[in-house]
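A.B. asks: Take a look at the following structure, please.
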Amino acid sequence: MVGSGLFGSSASRSGDGRSAIRRNSLREQIADALREELMAGRFPAGRNFTVKEIADLYGVSATPAREALVDLAAQGLLAAEHHRGFTVPSFDWDDFLEIFEARTLLTDNALRHLSGRIGRYDWARLSSLRRRADAAVRASRSGQLDVLVGCDLRFWQEAAALLCNDRIAGYLGWLRVQSWMFAAPHLRAAGDLSGVCWDRHGELVDRIEDRDQAGAHRIINDYNLFTVRLLARLLGRTLESVAVLSLLRDPEAPPLVPEQPLGGPAEQPPGEVVAEVVAETVTEVGLGRVPLPRHLPPGRLEGPPHPLGRFGGGSGEPAPGR
């Protein structure tokens, strides 16, 4: 059980492998910890729990536990059931395809319209993006799914800052969480994941630093293709029903606006491109059982580190794995 001592600013994981809680509000701390549990597949679809169970698990009172569960239910990550508590929803292949197609369309459009959003990004944040990329790559290559999920999510969130739009970044983060909820159980069932998931995070950072918009676009397309192909293989599915494959296979398609280097001069970093791409979980997803989210304040999807790595999930969508 996670004890109250974890609510400090030190340890990152508890003895049983769960993420340590490190945010200011107990409500947000619990929501962040549970979100990563869901992303990593440690709470399987259909799992039901009560407010008391969660309060006992994290060593807190019922109030913040209930508020955290209600928040996650409002985001479509849990289903509230009268007199039964909360249940982990089930995402199927069709749900995943909706998430994947939405993020792909949003990302592609964002990458083709970067010129109007570049300039406000704080390029000093690239060092942080590089660190997150390194962590995601290590987790991916070592096959540490529990670590990869968190690392992948945080990498794409940091990259999404390039978009200079908290709402888009938040929405993409929401989609990424659902992608991982779908993908993690299938990845776990595959056994040893060493070298299986996508691990080109560092190359994407290189392209961003070079202001290479076309190069960043190609790597992001590779990430998305890798993700959908990996999951299709694991589930024995074909890609015939994936309507956006043409966008991913033809990165040189004529842009909607004149193509130019990411951010042009070094002073105009094109981080936005990667960021949005990174957030690659897109808007307008109609997941049937999962309601569209309310506006998510900046940082609400940023929980304690949980590496995801190549899969990314981050696509997010699911994040890409191999």
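Each chain in the structure tokens gets a letter, A, B, ..., in the order shown, and its residues are numbered from 1; ligands are numbered from 1 in order too.
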Residues of region 49-141 of chain A in strand (DSSP E or B) according to DSSP, as number ranges by chain?

C.D. replies: A: 49, 79-81, 85-87

A.B. asks: Could the residues in this selection be written to a file with C-alpha atoms, as a PDB file, in the first residue's frame?

C.D. replies:
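Dumped to selection18.pdb:
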```pdb
ATOM      1  CA  PHE A  49     -13.073  -0.546  -7.045  1.00  0.00           C
ATOM      2  CA  ALA A  79     -16.842   4.541 -15.636  1.00  0.00           C
ATOM      3  CA  ALA A  80     -18.883   5.549 -12.589  1.00  0.00           C
ATOM      4  CA  GLU A  81     -21.525   2.972 -11.644  1.00  0.00           C
ATOM      5  CA  GLY A  85     -18.037   2.423  -7.444  1.00  0.00           C
ATOM      6  CA  PHE A  86     -15.834   2.873 -10.504  1.00  0.00           C
ATOM      7  CA  THR A  87     -14.899   0.482 -13.292  1.00  0.00           C
TER       8      THR A  87
END
```

A.B. asks: Residues of region 64-214 of chain A in helix (DSSP H, G or I) according to DSSP, as a PyMOL selection string?

C.D. replies: chain A and resi 64-74+93-111+123-142+145-163+166-189+201-209+213-214

A.B. asks: Since we have the selection now, will you write its residues out, keeping C-alpha atoms, as a short mmCIF file (atom, residue, chain, number, x, y, z; two decimals), in the first residue's frame?

C.D. replies:
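Result file part-v4.cif:
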```
data_model
loop_
_atom_site.label_atom_id
_atom_site.label_comp_id
_atom_site.auth_asym_id
_atom_site.auth_seq_id
_atom_site.Cartn_x
_atom_site.Cartn_y
_atom_site.Cartn_z
CA PRO A 64 -9.53 13.31 -2.08
CA ALA A 65 -9.85 9.68 -3.25
CA ARG A 66 -13.44 10.29 -4.37
CA GLU A 67 -12.53 13.58 -6.07
CA ALA A 68 -9.70 11.89 -7.99
CA LEU A 69 -11.97 9.07 -9.15
CA VAL A 70 -14.66 11.53 -10.24
CA ASP A 71 -12.05 13.52 -12.20
CA LEU A 72 -10.87 10.40 -14.03
CA ALA A 73 -14.46 9.39 -14.74
CA ALA A 74 -15.15 12.86 -16.19
CA TRP A 93 -9.56 -2.16 -31.87
CA ASP A 94 -12.19 0.17 -33.32
CA ASP A 95 -11.72 2.56 -30.40
CA PHE A 96 -7.99 2.54 -30.96
CA LEU A 97 -8.41 3.27 -34.67
CA GLU A 98 -10.56 6.31 -33.85
CA ILE A 99 -7.90 7.59 -31.47
CA PHE A 100 -5.12 6.84 -33.94
CA GLU A 101 -6.84 8.48 -36.90
CA ALA A 102 -7.76 11.54 -34.88
CA ARG A 103 -4.25 12.11 -33.64
CA THR A 104 -2.77 11.47 -37.07
CA LEU A 105 -5.03 14.03 -38.75
CA LEU A 106 -4.38 16.62 -36.06
CA THR A 107 -0.65 16.05 -36.09
CA ASP A 108 -0.35 16.15 -39.86
CA ASN A 109 -2.31 19.38 -40.08
CA ALA A 110 -0.26 20.96 -37.29
CA LEU A 111 3.03 20.04 -38.96
CA TRP A 123 13.88 27.03 -26.66
CA ALA A 124 15.69 26.69 -23.38
CA ARG A 125 13.31 23.77 -22.77
CA LEU A 126 15.06 21.65 -25.39
CA SER A 127 17.47 20.34 -22.76
CA SER A 128 14.50 18.99 -20.81
CA LEU A 129 13.06 17.45 -23.97
CA ARG A 130 16.41 15.76 -24.64
CA ARG A 131 16.49 14.28 -21.13
CA ARG A 132 12.98 12.93 -21.50
CA ALA A 133 13.88 11.47 -24.89
CA ASP A 134 16.90 9.69 -23.41
CA ALA A 135 14.77 8.22 -20.61
CA ALA A 136 12.14 6.99 -23.06
CA VAL A 137 14.75 5.40 -25.31
CA ARG A 138 16.37 3.56 -22.39
CA ALA A 139 13.01 2.23 -21.20
CA SER A 140 12.00 1.17 -24.69
CA ARG A 141 15.20 -0.68 -25.48
CA SER A 142 15.22 -2.44 -22.12
CA LEU A 145 6.87 -1.26 -19.99
CA ASP A 146 5.96 0.21 -16.60
CA VAL A 147 8.70 2.79 -16.98
CA LEU A 148 8.17 3.34 -20.68
CA VAL A 149 4.53 4.34 -20.30
CA GLY A 150 5.37 7.28 -18.06
CA CYS A 151 8.50 8.28 -19.97
CA ASP A 152 6.70 8.22 -23.28
CA LEU A 153 3.82 10.31 -21.96
CA ARG A 154 6.14 12.91 -20.47
CA PHE A 155 8.29 13.10 -23.58
CA TRP A 156 5.34 13.86 -25.84
CA GLN A 157 3.90 16.31 -23.33
CA GLU A 158 7.16 18.23 -23.28
CA ALA A 159 7.33 18.13 -27.07
CA ALA A 160 3.75 19.40 -27.26
CA ALA A 161 4.90 22.62 -25.60
CA LEU A 162 6.23 23.55 -29.04
CA LEU A 163 2.61 24.02 -30.11
CA ASP A 166 -2.22 24.14 -23.77
CA ARG A 167 -5.63 22.95 -24.92
CA ILE A 168 -4.30 21.07 -27.92
CA ALA A 169 -1.48 19.64 -25.86
CA GLY A 170 -3.91 18.57 -23.14
CA TYR A 171 -6.25 16.91 -25.60
CA LEU A 172 -3.42 15.02 -27.25
CA GLY A 173 -2.28 13.90 -23.82
CA TRP A 174 -5.78 12.62 -23.07
CA LEU A 175 -5.77 10.60 -26.28
CA ARG A 176 -2.35 9.21 -25.49
CA VAL A 177 -3.50 7.95 -22.10
CA GLN A 178 -6.37 6.04 -23.74
CA SER A 179 -4.01 4.66 -26.37
CA TRP A 180 -1.82 3.20 -23.66
CA MET A 181 -4.82 1.79 -21.82
CA PHE A 182 -5.62 -0.14 -24.99
CA ALA A 183 -2.06 -1.11 -25.93
CA ALA A 184 -0.43 -2.00 -22.60
CA PRO A 185 -2.32 -5.28 -21.97
CA HIS A 186 -1.44 -6.53 -25.46
CA LEU A 187 2.20 -5.56 -25.05
CA ARG A 188 2.39 -7.34 -21.69
CA ALA A 189 0.95 -10.47 -23.24
CA HIS A 201 12.77 9.96 -29.61
CA GLY A 202 16.33 11.30 -29.71
CA GLU A 203 16.29 11.58 -33.50
CA LEU A 204 13.13 13.63 -33.30
CA VAL A 205 14.78 16.02 -30.86
CA ASP A 206 17.72 16.32 -33.28
CA ARG A 207 15.38 17.34 -36.09
CA ILE A 208 13.72 19.91 -33.85
CA GLU A 209 17.02 21.41 -32.81
CA GLN A 213 10.38 20.58 -40.22
CA ALA A 214 10.28 17.99 -43.01
#
```

A.B. asks: Between A:His83, A:His113, A:Arg233, A:Arg27, which residue has the minimum interatomic distance to Tyr58 (chain A), considering only C-alpha atoms?

C.D. replies: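 Of the candidates, the smallest distance to Tyr58 (chain A) is held by A:Arg27.
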
A.B. asks: Can you tell me, as a list in words, what residues are no more than 7 Å from Gly143 (chain A) when counting only C-alpha atoms, ignoring any on the same chain fewer than 5 positions away?

C.D. replies: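 Neighbouring residues, sequence-local ones excluded: Asp192, Leu193, Ser194 and Gly195 of chain A.
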